[in-house]
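Asks: Sharing a structure below in structure tokens format, with a few things to ask.
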Amino acid sequence: MFYVLRCIRPKIRRQLQILRDKGILEFKGKGRYGVR
């Protein structure tokens with residue numbers, strides 16, 4: 001279970017960054033994102 005979380009979290013973080021770069025999400029700090 002721990003291995004799965006360790007693998008998934010970086011992938012989720014990367015997808016959030018991609019959506020931020022496309023202007024769909026807005027980074028609000030401390031790991032929080034909001035929809036634009």
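Letters A, B, ... go to the chains of the structure tokens in the order shown; residues in each chain start at 1; ligands are counted from 1 in the same order.
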Per DSSP on the backbone, what are the helix (DSSP H, G or I) residues of chain A, as a list in words?
Replies: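 So, restricting chain A to helix (DSSP H, G or I), we get Phe2, Tyr3, Val4, Leu5, Arg6, Cys7, Ile8, Arg9, Pro10, Lys11, Ile12, Arg13, Arg14, Gln15, Leu16, Gln17, Ile18, Leu19, Arg20 and Asp21 of chain A.
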Asks: Quick one: pick out all strand (DSSP E or B) residues within chain A from a backbone DSSP run and write them as a PyMOL selection string.
Replies: chain A and resi 25-29+32-35
Asks: Any chance you can output those residues with C-alpha atoms as an mmCIF file, in the first residue's frame?
Replies:
```
data_model
loop_
_atom_site.group_PDB
_atom_site.id
_atom_site.type_symbol
_atom_site.label_atom_id
_atom_site.label_comp_id
_atom_site.auth_asym_id
_atom_site.auth_seq_id
_atom_site.Cartn_x
_atom_site.Cartn_y
_atom_site.Cartn_z
ATOM 1 C CA LEU A 25 -5.990 25.344 -12.546
ATOM 2 C CA GLU A 26 -4.544 28.072 -10.359
ATOM 3 C CA PHE A 27 -1.908 27.311 -7.714
ATOM 4 C CA LYS A 28 -2.927 28.822 -4.380
ATOM 5 C CA GLY A 29 0.086 27.757 -2.308
ATOM 6 C CA ARG A 32 -3.652 23.805 -2.931
ATOM 7 C CA TYR A 33 -5.113 24.353 -6.388
ATOM 8 C CA GLY A 34 -8.309 26.023 -7.558
ATOM 9 C CA VAL A 35 -10.242 26.014 -10.822
#
```
Asks: May I have the residues within 9 Å of Gly23 in chain A as a PyMOL selection string, using only C-alpha atoms and disregarding those fewer than 4 positions away in the same chain?
Replies: chain A and resi 18-19+35-36
Asks: Take the residues just selected and output them with C-alpha atoms as a PDB file, in the first residue's frame.
Replies:
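Done, and the output landed in selection18.pdb:
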```pdb
ATOM      1  CA  ILE A  18       0.253  20.357 -16.340  1.00  0.00           C
ATOM      2  CA  LEU A  19      -3.294  21.647 -15.788  1.00  0.00           C
ATOM      3  CA  VAL A  35     -10.242  26.014 -10.822  1.00  0.00           C
ATOM      4  CA  ARG A  36      -9.919  29.213 -12.839  1.00  0.00           C
TER       5      ARG A  36
END
```
Asks: Could you tell me how far CA of Gly31 in chain A sits from CA of Ile12 in chain A, in Å to one decimal place?
Replies: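 We find that CA of Ile12 in chain A and CA of Gly31 in chain A lie 11.4 Å from each other.
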